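Next comes coords_38.cif, a file with mmCIF, C-alpha atoms.
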data_entry
loop_
_atom_site.group_PDB
_atom_site.id
_atom_site.type_symbol
_atom_site.label_atom_id
_atom_site.label_comp_id
_atom_site.auth_asym_id
_atom_site.auth_seq_id
_atom_site.Cartn_x
_atom_site.Cartn_y
_atom_site.Cartn_z
ATOM 1 C CA MET A 1 209.767 -91.997 -44.989
ATOM 2 C CA VAL A 2 208.776 -90.967 -48.502
ATOM 3 C CA GLU A 3 205.811 -88.678 -49.193
ATOM 4 C CA ALA A 4 202.301 -90.163 -49.501
ATOM 5 C CA ASN A 5 201.599 -92.337 -52.540
ATOM 6 C CA ARG A 6 205.285 -92.798 -53.339
ATOM 7 C CA MET A 7 207.809 -95.584 -53.130
ATOM 8 C CA ARG A 8 211.586 -95.457 -53.298
ATOM 9 C CA LEU A 9 213.695 -98.525 -54.028
ATOM 10 C CA GLY A 10 217.301 -97.367 -53.923
ATOM 11 C CA ARG A 11 217.516 -94.687 -56.628
ATOM 12 C CA TYR A 12 214.263 -95.785 -58.298
ATOM 13 C CA GLU A 13 210.970 -94.006 -57.599
ATOM 14 C CA PHE A 14 207.360 -95.016 -58.108
ATOM 15 C CA VAL A 15 204.014 -93.238 -57.815
ATOM 16 C CA ILE A 16 201.675 -95.586 -55.945
ATOM 17 C CA ASP A 17 198.194 -95.463 -57.469
ATOM 18 C CA PHE A 18 196.570 -98.463 -55.769
ATOM 19 C CA GLY A 19 196.486 -99.662 -52.183
ATOM 20 C CA SER A 20 194.245 -102.083 -50.285
ATOM 21 C CA PHE A 21 194.266 -104.444 -47.346
ATOM 22 C CA ARG A 22 191.885 -107.001 -45.879
ATOM 23 C CA ARG A 23 191.651 -109.699 -43.264
ATOM 24 C CA ILE A 24 191.657 -113.252 -44.619
ATOM 25 C CA THR A 25 189.386 -115.382 -42.459
ATOM 26 C CA ALA A 26 190.228 -118.741 -44.065
ATOM 27 C CA CYS A 27 192.909 -120.064 -46.382
ATOM 28 C CA TRP A 28 194.820 -123.323 -46.852
ATOM 29 C CA SER A 29 197.539 -121.822 -44.652
ATOM 30 C CA GLY A 30 195.111 -120.418 -42.046
ATOM 31 C CA PRO A 31 193.854 -116.869 -41.430
ATOM 32 C CA GLY A 32 196.000 -113.891 -42.309
ATOM 33 C CA TRP A 33 196.148 -110.583 -44.159
ATOM 34 C CA ASP A 34 196.365 -109.366 -47.736
ATOM 35 C CA PHE A 35 198.142 -106.060 -48.439
ATOM 36 C CA ASN A 36 198.435 -104.854 -52.039
ATOM 37 C CA PHE A 37 200.121 -101.749 -53.407
ATOM 38 C CA SER A 38 201.087 -100.957 -56.986
ATOM 39 C CA GLY A 39 202.485 -98.036 -58.853
ATOM 40 C CA ALA A 40 204.091 -96.640 -61.965
ATOM 41 C CA PHE A 41 207.800 -96.224 -62.406
ATOM 42 C CA VAL A 42 208.953 -92.601 -62.512
ATOM 43 C CA ASN A 43 212.681 -92.537 -63.303
ATOM 44 C CA ASP A 44 213.759 -95.645 -65.240
ATOM 45 C CA ASP A 45 216.417 -95.215 -67.936
ATOM 46 C CA PRO A 46 214.558 -95.597 -71.288
ATOM 47 C CA ASP A 47 217.732 -96.983 -72.909
ATOM 48 C CA ASP A 48 218.240 -99.636 -70.211
ATOM 49 C CA LEU A 49 214.869 -100.521 -68.680
ATOM 50 C CA LEU A 50 215.182 -102.287 -65.352
ATOM 51 C CA PHE A 51 211.390 -102.446 -64.974
ATOM 52 C CA PRO A 52 210.134 -103.241 -68.515
ATOM 53 C CA GLY A 53 206.458 -103.298 -67.481
ATOM 54 C CA GLY A 54 206.812 -99.839 -66.004
ATOM 55 C CA ARG A 55 205.055 -100.918 -62.798
ATOM 56 C CA LEU A 56 205.857 -102.465 -59.455
ATOM 57 C CA GLY A 57 203.779 -104.140 -56.759
ATOM 58 C CA VAL A 58 204.349 -104.715 -53.058
ATOM 59 C CA TYR A 59 202.111 -107.346 -51.535
ATOM 60 C CA CYS A 60 201.444 -110.147 -49.109
ATOM 61 C CA GLU A 61 198.774 -112.829 -49.478
ATOM 62 C CA ALA A 62 197.077 -114.385 -46.463
ATOM 63 C CA ALA A 63 200.240 -113.629 -44.489
ATOM 64 C CA PRO A 64 200.030 -114.633 -40.819
ATOM 65 C CA LEU A 65 200.916 -111.165 -39.553
ATOM 66 C CA PRO A 66 200.694 -110.422 -35.813
ATOM 67 C CA LEU A 67 197.734 -108.087 -36.388
ATOM 68 C CA ALA A 68 194.344 -108.472 -34.744
ATOM 69 C CA LYS A 69 191.138 -107.335 -36.438
ATOM 70 C CA ALA A 70 190.271 -103.893 -35.025
ATOM 71 C CA THR A 71 187.924 -100.967 -35.547
ATOM 72 C CA ASP A 72 190.895 -98.598 -35.891
ATOM 73 C CA TYR A 73 194.484 -99.462 -36.805
ATOM 74 C CA THR A 74 195.923 -95.956 -36.478
ATOM 75 C CA GLY A 75 199.323 -96.104 -34.789
ATOM 76 C CA VAL A 76 199.709 -99.887 -35.106
ATOM 77 C CA GLU A 77 203.251 -100.920 -36.087
ATOM 78 C CA ILE A 78 204.517 -104.370 -36.981
ATOM 79 C CA ASP A 79 208.197 -105.273 -37.287
ATOM 80 C CA MET A 80 208.893 -108.509 -39.151
ATOM 81 C CA PRO A 81 212.558 -109.518 -38.860
ATOM 82 C CA GLY A 82 213.842 -111.915 -41.501
ATOM 83 C CA SER A 83 211.827 -112.699 -44.602
ATOM 84 C CA CYS A 84 209.609 -115.607 -43.551
ATOM 85 C CA ASP A 85 207.022 -116.512 -40.965
ATOM 86 C CA GLU A 86 208.846 -118.471 -38.268
ATOM 87 C CA ALA A 87 206.079 -121.052 -37.833
ATOM 88 C CA THR A 88 205.439 -121.883 -41.504
ATOM 89 C CA GLY A 89 208.639 -120.807 -43.261
ATOM 90 C CA GLU A 90 206.480 -118.954 -45.822
ATOM 91 C CA PRO A 91 207.681 -115.540 -47.068
ATOM 92 C CA LEU A 92 205.613 -112.618 -45.767
ATOM 93 C CA PHE A 93 206.018 -109.689 -48.194
ATOM 94 C CA PHE A 94 207.044 -109.570 -51.849
ATOM 95 C CA ILE A 95 208.011 -106.994 -54.461
ATOM 96 C CA ASP A 96 206.650 -107.851 -57.906
ATOM 97 C CA VAL A 97 208.217 -106.487 -61.100
ATOM 98 C CA GLY A 98 206.984 -109.263 -63.402
ATOM 99 C CA GLU A 99 208.627 -111.744 -61.039
ATOM 100 C CA SER A 100 208.127 -111.757 -57.291
ATOM 101 C CA TYR A 101 211.039 -111.235 -54.908
ATOM 102 C CA THR A 102 210.975 -111.627 -51.147
ATOM 103 C CA VAL A 103 211.266 -108.723 -48.751
ATOM 104 C CA ALA A 104 213.356 -109.017 -45.584
ATOM 105 C CA ASP A 105 213.051 -107.089 -42.333
ATOM 106 C CA ALA A 106 209.699 -105.569 -43.281
ATOM 107 C CA ARG A 107 208.071 -102.916 -41.138
ATOM 108 C CA LEU A 108 204.433 -101.892 -41.539
ATOM 109 C CA ARG A 109 202.824 -98.890 -39.857
ATOM 110 C CA PHE A 110 199.308 -97.462 -40.003
ATOM 111 C CA ALA A 111 200.200 -93.757 -39.894
ATOM 112 C CA GLU A 112 196.797 -92.039 -40.394
ATOM 113 C CA ARG A 113 193.143 -92.783 -40.965
ATOM 114 C CA ALA A 114 190.581 -91.024 -43.175
ATOM 115 C CA GLY A 115 187.249 -92.854 -43.130
ATOM 116 C CA GLY A 116 187.869 -96.414 -44.356
ATOM 117 C CA ARG A 117 191.305 -95.542 -45.744
ATOM 118 C CA TYR A 118 194.660 -95.610 -44.012
ATOM 119 C CA LEU A 119 197.997 -94.073 -44.830
ATOM 120 C CA ILE A 120 200.215 -97.142 -44.545
ATOM 121 C CA GLU A 121 204.001 -97.086 -44.470
ATOM 122 C CA VAL A 122 205.942 -100.190 -45.474
ATOM 123 C CA SER A 123 209.712 -100.506 -45.525
ATOM 124 C CA GLY A 124 212.237 -103.307 -45.734
ATOM 125 C CA MET A 125 215.039 -104.821 -47.770
ATOM 126 C CA ALA A 126 214.443 -106.018 -51.336
ATOM 127 C CA SER A 127 216.019 -109.364 -52.176
ATOM 128 C CA ALA A 128 219.581 -109.285 -53.500
ATOM 129 C CA VAL A 129 218.358 -111.371 -56.441
ATOM 130 C CA MET A 130 216.171 -108.497 -57.650
ATOM 131 C CA LEU A 131 218.839 -105.810 -58.207
ATOM 132 C CA GLY A 132 222.026 -107.804 -57.714
ATOM 133 C CA HIS A 133 222.395 -106.498 -54.155
ATOM 134 C CA LEU A 134 220.233 -105.894 -51.097
ATOM 135 C CA GLU A 135 218.386 -102.597 -51.411
ATOM 136 C CA ARG A 136 216.213 -100.759 -48.916
ATOM 137 C CA PHE A 137 212.767 -99.620 -49.973
ATOM 138 C CA GLU A 138 210.211 -97.263 -48.442
ATOM 139 C CA LEU A 139 206.565 -96.993 -49.402
ATOM 140 C CA SER A 140 203.891 -94.639 -48.092
ATOM 141 C CA ALA A 141 200.418 -94.904 -49.613
ATOM 142 C CA TRP A 142 196.728 -94.582 -48.895
ATOM 143 C CA ALA A 143 195.010 -97.967 -48.843
ATOM 144 C CA ASP A 144 191.345 -98.927 -48.695
ATOM 145 C CA GLU A 145 190.256 -101.401 -46.051
ATOM 146 C CA LEU A 146 188.288 -104.075 -47.912
ATOM 147 C CA PRO A 147 185.771 -106.479 -46.376
ATOM 148 C CA ASP A 148 187.073 -109.676 -44.818
ATOM 149 C CA HIS A 149 187.586 -112.489 -47.329
ATOM 150 C CA SER A 150 187.889 -116.280 -47.389
ATOM 151 C CA TYR A 151 189.979 -118.131 -49.958
ATOM 152 C CA THR A 152 188.229 -121.418 -49.178
ATOM 153 C CA GLY A 153 184.950 -120.553 -50.871
#

When written as structure tokens, how does the structure in this file appear?
Amino acid sequence: MVEANRMRLGRYEFVIDFGSFRRITACWSGPGWDFNFSGAFVNDDPDDLLFPGGRLGVYCEAAPLPLAKATDYTGVEIDMPGSCDEATGEPLFFIDVGESYTVADARLRFAERAGGRYLIEVSGMASAVMLGHLERFELSAWADELPDHSYTG
């Protein structure tokens, strides 16, 4: 796994400067989880920018992950084979570089805890549409646990 607050996508590297997660108590699709990470690109070729915005995000929105609300998530690991929730057919995780691309075979792990923050590791395969071929990514970043939220008002 990469060092804390970093992401590697093939030969590309990012410094992750934002991370959060929260339980979604209600949404049109049911309860789930939001995870959001974003960071700045470190080694793009200035003459041939692959990531013109200079940033990347990894996220899921109200995803029905097999994760129960807990007082401590340290050590919890979730493997998500494929790219979609089996029950709904909805994609679980995305990589956003101005457009969002699905992630396949995602793995999420709560590696450490410090107060209300967790060092979270996420890995998986970026969609072949994004780079022209499947590419593995690894992310390790500190994320704040935010209060539960409802998207229904």

Closest-contact table, range 56-111 of chain A side, partner range 15-33 of chain A, 6 Å, counting only C-alpha atoms, as CSV:
residue,atom,partner,partner_atom,distance
A:Ala62,CA,A:Gly32,CA,4.3
A:Ala63,CA,A:Gly32,CA,4.8
A:Pro64,CA,A:Gly32,CA,4.4

Serialized selection, C-alpha atoms, as a short mmCIF file (atom, residue, chain, number, x, y, z; two decimals), in the coordinates of the input:
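Result file is again-v2.cif:
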data_model
loop_
_atom_site.label_atom_id
_atom_site.label_comp_id
_atom_site.auth_asym_id
_atom_site.auth_seq_id
_atom_site.Cartn_x
_atom_site.Cartn_y
_atom_site.Cartn_z
CA ALA A 62 197.08 -114.38 -46.46
CA ALA A 63 200.24 -113.63 -44.49
CA PRO A 64 200.03 -114.63 -40.82
#

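For the atom pair formed by CA of Val42 in chain A and CA of Arg55 in chain A, the distance is 9.2 Å, given to one decimal.
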
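Against this structure, the PyMOL selection byres ((chain A and resi 56) around 7) ends up with A:Ser38, A:Gly39, A:Ala40, A:Arg55, A:Gly57, A:Val58, A:Asp96, A:Val97.
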
Go ahead and save the residues from that selection, with C-alpha atoms, as a PDB file, keeping the file's coordinate frame.
ATOM      1  CA  SER A  38     201.087-100.957 -56.986  1.00  0.00           C
ATOM      2  CA  GLY A  39     202.485 -98.036 -58.853  1.00  0.00           C
ATOM      3  CA  ALA A  40     204.091 -96.640 -61.965  1.00  0.00           C
ATOM      4  CA  ARG A  55     205.055-100.918 -62.798  1.00  0.00           C
ATOM      5  CA  GLY A  57     203.779-104.140 -56.759  1.00  0.00           C
ATOM      6  CA  VAL A  58     204.349-104.715 -53.058  1.00  0.00           C
ATOM      7  CA  ASP A  96     206.650-107.851 -57.906  1.00  0.00           C
ATOM      8  CA  VAL A  97     208.217-106.487 -61.100  1.00  0.00           C
TER       9      VAL A  97
END

Q: Would you mind telling me which residue in A:Leu65, A:Val103, A:Met7, A:Cys60 lies nearest to Met130 in chain A when using all atoms listed in the file?
A: A:Val103

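In this model, the gap between CA of Leu134 in chain A and CA of Glu77 in chain A comes to 23.2 Å.
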
Q.
I'd like the contact shell of Gly132 in chain A - 12 Å cut-off, all atoms listed in the file, skipping same-chain residues fewer than 6 positions apart - returned as a ChimeraX atom specification.
A. /A:50,101,126

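The residues returned by the PyMOL selection byres ((chain A and resi 105) around 8) for this structure are Asp79, Met80, Pro81, Gly82, Ser83, Val103, Ala104, Ala106, Arg107, Gly124 and Met125 of chain A.
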
Q: Figure out the distance between CA of Ile95 in chain A and CA of Ala4 in chain A, please, to one decimal in Å.
A: 18.5 Å

Q: Just the residues within 6 Å of Val122 in chain A, please, counting all atoms listed in the file, with nothing from its chain fewer than 4 positions along; format it as a ChimeraX atom specification.
A: /A:107-108,138-139

(Q) List as an NGL selection string the residues having at least one atom at most 10 Å from position (199.8, -93.7, -40.2) as given in the file, counting all atoms listed in the file. (A) :A and (73-77 or 108-113 or 118-121 or 140-142)

Any chance you could work out the axis-aligned box around range 129-138 of chain A, listed atoms only, 3 Å on each side, giving centre and edge lengths in Å to one decimal, as lines of an AutoDock Vina configuration file?
center_x = 216.3
center_y = -104.3
center_z = -53.3
size_x = 18.2
size_y = 20.1
size_z = 15.8

Q. Which of these residues is nearest to Phe35 in chain A, using all atoms listed in the file: A:Ala70, A:Leu92, A:Cys84, A:Leu131?
A. A:Leu92

Q) A:Phe93, A:Val129, A:Ala68, A:Phe137: which is nearest Glu13 in chain A, counting only C-alpha atoms? A) A:Phe137

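Using only C-alpha atoms, the shortest contact distance between Asn36 in chain A and any of A:Glu135, A:Asp72, A:Glu99, A:Asp144 is found at A:Asp144.
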
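You can rank A:Glu86, A:Ser123, A:Leu146, A:His133 by their closest distance to Arg6 in chain A using only C-alpha atoms, and at the top of that list sits A:Ser123.
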
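In this comparison, which uses all atoms listed in the file, the residue of A:Asp47, A:Glu90, A:Ser127, A:Thr71 approaching Glu145 in chain A most closely is A:Thr71.
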
Starting from the incomplete input, reconstruct all heavy atoms of range 74-85 of chain A and report them as a PDB file, in the frame of the given file.
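Dumped everything to out05.pdb:
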ATOM      1  N   THR A  74     195.016 -97.104 -36.546  1.00  0.00           N
ATOM      2  CA  THR A  74     195.923 -95.956 -36.478  1.00  0.00           C
ATOM      3  C   THR A  74     196.961 -96.151 -35.379  1.00  0.00           C
ATOM      4  O   THR A  74     196.630 -96.472 -34.241  1.00  0.00           O
ATOM      5  CB  THR A  74     195.135 -94.656 -36.215  1.00  0.00           C
ATOM      6  OG1 THR A  74     194.102 -94.541 -37.188  1.00  0.00           O
ATOM      7  CG2 THR A  74     196.046 -93.450 -36.285  1.00  0.00           C
ATOM      8  N   GLY A  75     198.227 -95.980 -35.746  1.00  0.00           N
ATOM      9  CA  GLY A  75     199.323 -96.104 -34.789  1.00  0.00           C
ATOM     10  C   GLY A  75     199.889 -97.508 -34.656  1.00  0.00           C
ATOM     11  O   GLY A  75     200.949 -97.691 -34.060  1.00  0.00           O
ATOM     12  N   VAL A  76     199.221 -98.512 -35.211  1.00  0.00           N
ATOM     13  CA  VAL A  76     199.709 -99.887 -35.106  1.00  0.00           C
ATOM     14  C   VAL A  76     200.968-100.035 -35.961  1.00  0.00           C
ATOM     15  O   VAL A  76     201.008 -99.593 -37.105  1.00  0.00           O
ATOM     16  CB  VAL A  76     198.632-100.901 -35.549  1.00  0.00           C
ATOM     17  CG1 VAL A  76     199.212-102.302 -35.646  1.00  0.00           C
ATOM     18  CG2 VAL A  76     197.447-100.872 -34.611  1.00  0.00           C
ATOM     19  N   GLU A  77     201.996-100.654 -35.388  1.00  0.00           N
ATOM     20  CA  GLU A  77     203.251-100.920 -36.087  1.00  0.00           C
ATOM     21  C   GLU A  77     203.595-102.393 -35.933  1.00  0.00           C
ATOM     22  O   GLU A  77     203.416-102.966 -34.863  1.00  0.00           O
ATOM     23  CB  GLU A  77     204.394-100.092 -35.502  1.00  0.00           C
ATOM     24  CG  GLU A  77     204.237 -98.611 -35.682  1.00  0.00           C
ATOM     25  CD  GLU A  77     205.440 -97.828 -35.169  1.00  0.00           C
ATOM     26  OE1 GLU A  77     206.569 -98.362 -35.212  1.00  0.00           O
ATOM     27  OE2 GLU A  77     205.234 -96.697 -34.731  1.00  0.00           O
ATOM     28  N   ILE A  78     204.101-102.973 -37.008  1.00  0.00           N
ATOM     29  CA  ILE A  78     204.517-104.370 -36.981  1.00  0.00           C
ATOM     30  C   ILE A  78     205.924-104.452 -37.560  1.00  0.00           C
ATOM     31  O   ILE A  78     206.158-104.012 -38.689  1.00  0.00           O
ATOM     32  CB  ILE A  78     203.582-105.258 -37.819  1.00  0.00           C
ATOM     33  CG1 ILE A  78     202.140-105.140 -37.333  1.00  0.00           C
ATOM     34  CG2 ILE A  78     204.037-106.708 -37.772  1.00  0.00           C
ATOM     35  CD1 ILE A  78     201.151-105.806 -38.267  1.00  0.00           C
ATOM     36  N   ASP A  79     206.842-105.002 -36.797  1.00  0.00           N
ATOM     37  CA  ASP A  79     208.197-105.273 -37.287  1.00  0.00           C
ATOM     38  C   ASP A  79     208.292-106.765 -37.556  1.00  0.00           C
ATOM     39  O   ASP A  79     207.913-107.584 -36.713  1.00  0.00           O
ATOM     40  CB  ASP A  79     209.240-104.864 -36.256  1.00  0.00           C
ATOM     41  CG  ASP A  79     209.388-103.363 -36.180  1.00  0.00           C
ATOM     42  OD1 ASP A  79     209.532-102.736 -37.239  1.00  0.00           O
ATOM     43  OD2 ASP A  79     209.338-102.812 -35.062  1.00  0.00           O
ATOM     44  N   MET A  80     208.793-107.111 -38.742  1.00  0.00           N
ATOM     45  CA  MET A  80     208.893-108.509 -39.151  1.00  0.00           C
ATOM     46  C   MET A  80     210.329-108.834 -39.537  1.00  0.00           C
ATOM     47  O   MET A  80     210.709-108.731 -40.699  1.00  0.00           O
ATOM     48  CB  MET A  80     207.945-108.759 -40.325  1.00  0.00           C
ATOM     49  CG  MET A  80     206.479-108.560 -39.943  1.00  0.00           C
ATOM     50  SD  MET A  80     205.399-108.285 -41.355  1.00  0.00           S
ATOM     51  CE  MET A  80     205.525-106.498 -41.515  1.00  0.00           C
ATOM     52  N   PRO A  81     211.161-109.193 -38.543  1.00  0.00           N
ATOM     53  CA  PRO A  81     212.558-109.518 -38.860  1.00  0.00           C
ATOM     54  C   PRO A  81     212.646-110.754 -39.745  1.00  0.00           C
ATOM     55  O   PRO A  81     211.782-111.625 -39.704  1.00  0.00           O
ATOM     56  CB  PRO A  81     213.180-109.763 -37.487  1.00  0.00           C
ATOM     57  CG  PRO A  81     212.063-109.939 -36.536  1.00  0.00           C
ATOM     58  CD  PRO A  81     210.838-109.352 -37.150  1.00  0.00           C
ATOM     59  N   GLY A  82     213.689-110.803 -40.565  1.00  0.00           N
ATOM     60  CA  GLY A  82     213.842-111.915 -41.501  1.00  0.00           C
ATOM     61  C   GLY A  82     212.912-111.727 -42.683  1.00  0.00           C
ATOM     62  O   GLY A  82     212.384-110.648 -42.914  1.00  0.00           O
ATOM     63  N   SER A  83     212.692-112.805 -43.428  1.00  0.00           N
ATOM     64  CA  SER A  83     211.827-112.699 -44.602  1.00  0.00           C
ATOM     65  C   SER A  83     210.667-113.682 -44.577  1.00  0.00           C
ATOM     66  O   SER A  83     209.807-113.638 -45.440  1.00  0.00           O
ATOM     67  CB  SER A  83     212.644-112.916 -45.882  1.00  0.00           C
ATOM     68  OG  SER A  83     213.233-114.203 -45.862  1.00  0.00           O
ATOM     69  N   CYS A  84     210.636-114.566 -43.589  1.00  0.00           N
ATOM     70  CA  CYS A  84     209.609-115.607 -43.551  1.00  0.00           C
ATOM     71  C   CYS A  84     208.931-115.682 -42.189  1.00  0.00           C
ATOM     72  O   CYS A  84     209.511-115.308 -41.174  1.00  0.00           O
ATOM     73  CB  CYS A  84     210.234-116.970 -43.851  1.00  0.00           C
ATOM     74  SG  CYS A  84     210.971-117.078 -45.478  1.00  0.00           S
ATOM     75  N   ASP A  85     207.727-116.206 -42.197  1.00  0.00           N
ATOM     76  CA  ASP A  85     207.022-116.512 -40.965  1.00  0.00           C
ATOM     77  C   ASP A  85     207.767-117.643 -40.261  1.00  0.00           C
ATOM     78  O   ASP A  85     208.077-118.671 -40.893  1.00  0.00           O
ATOM     79  CB  ASP A  85     205.584-116.920 -41.291  1.00  0.00           C
ATOM     80  CG  ASP A  85     204.819-117.370 -40.075  1.00  0.00           C
ATOM     81  OD1 ASP A  85     204.733-116.590 -39.103  1.00  0.00           O
ATOM     82  OD2 ASP A  85     204.308-118.515 -40.086  1.00  0.00           O
TER      83      ASP A  85
END
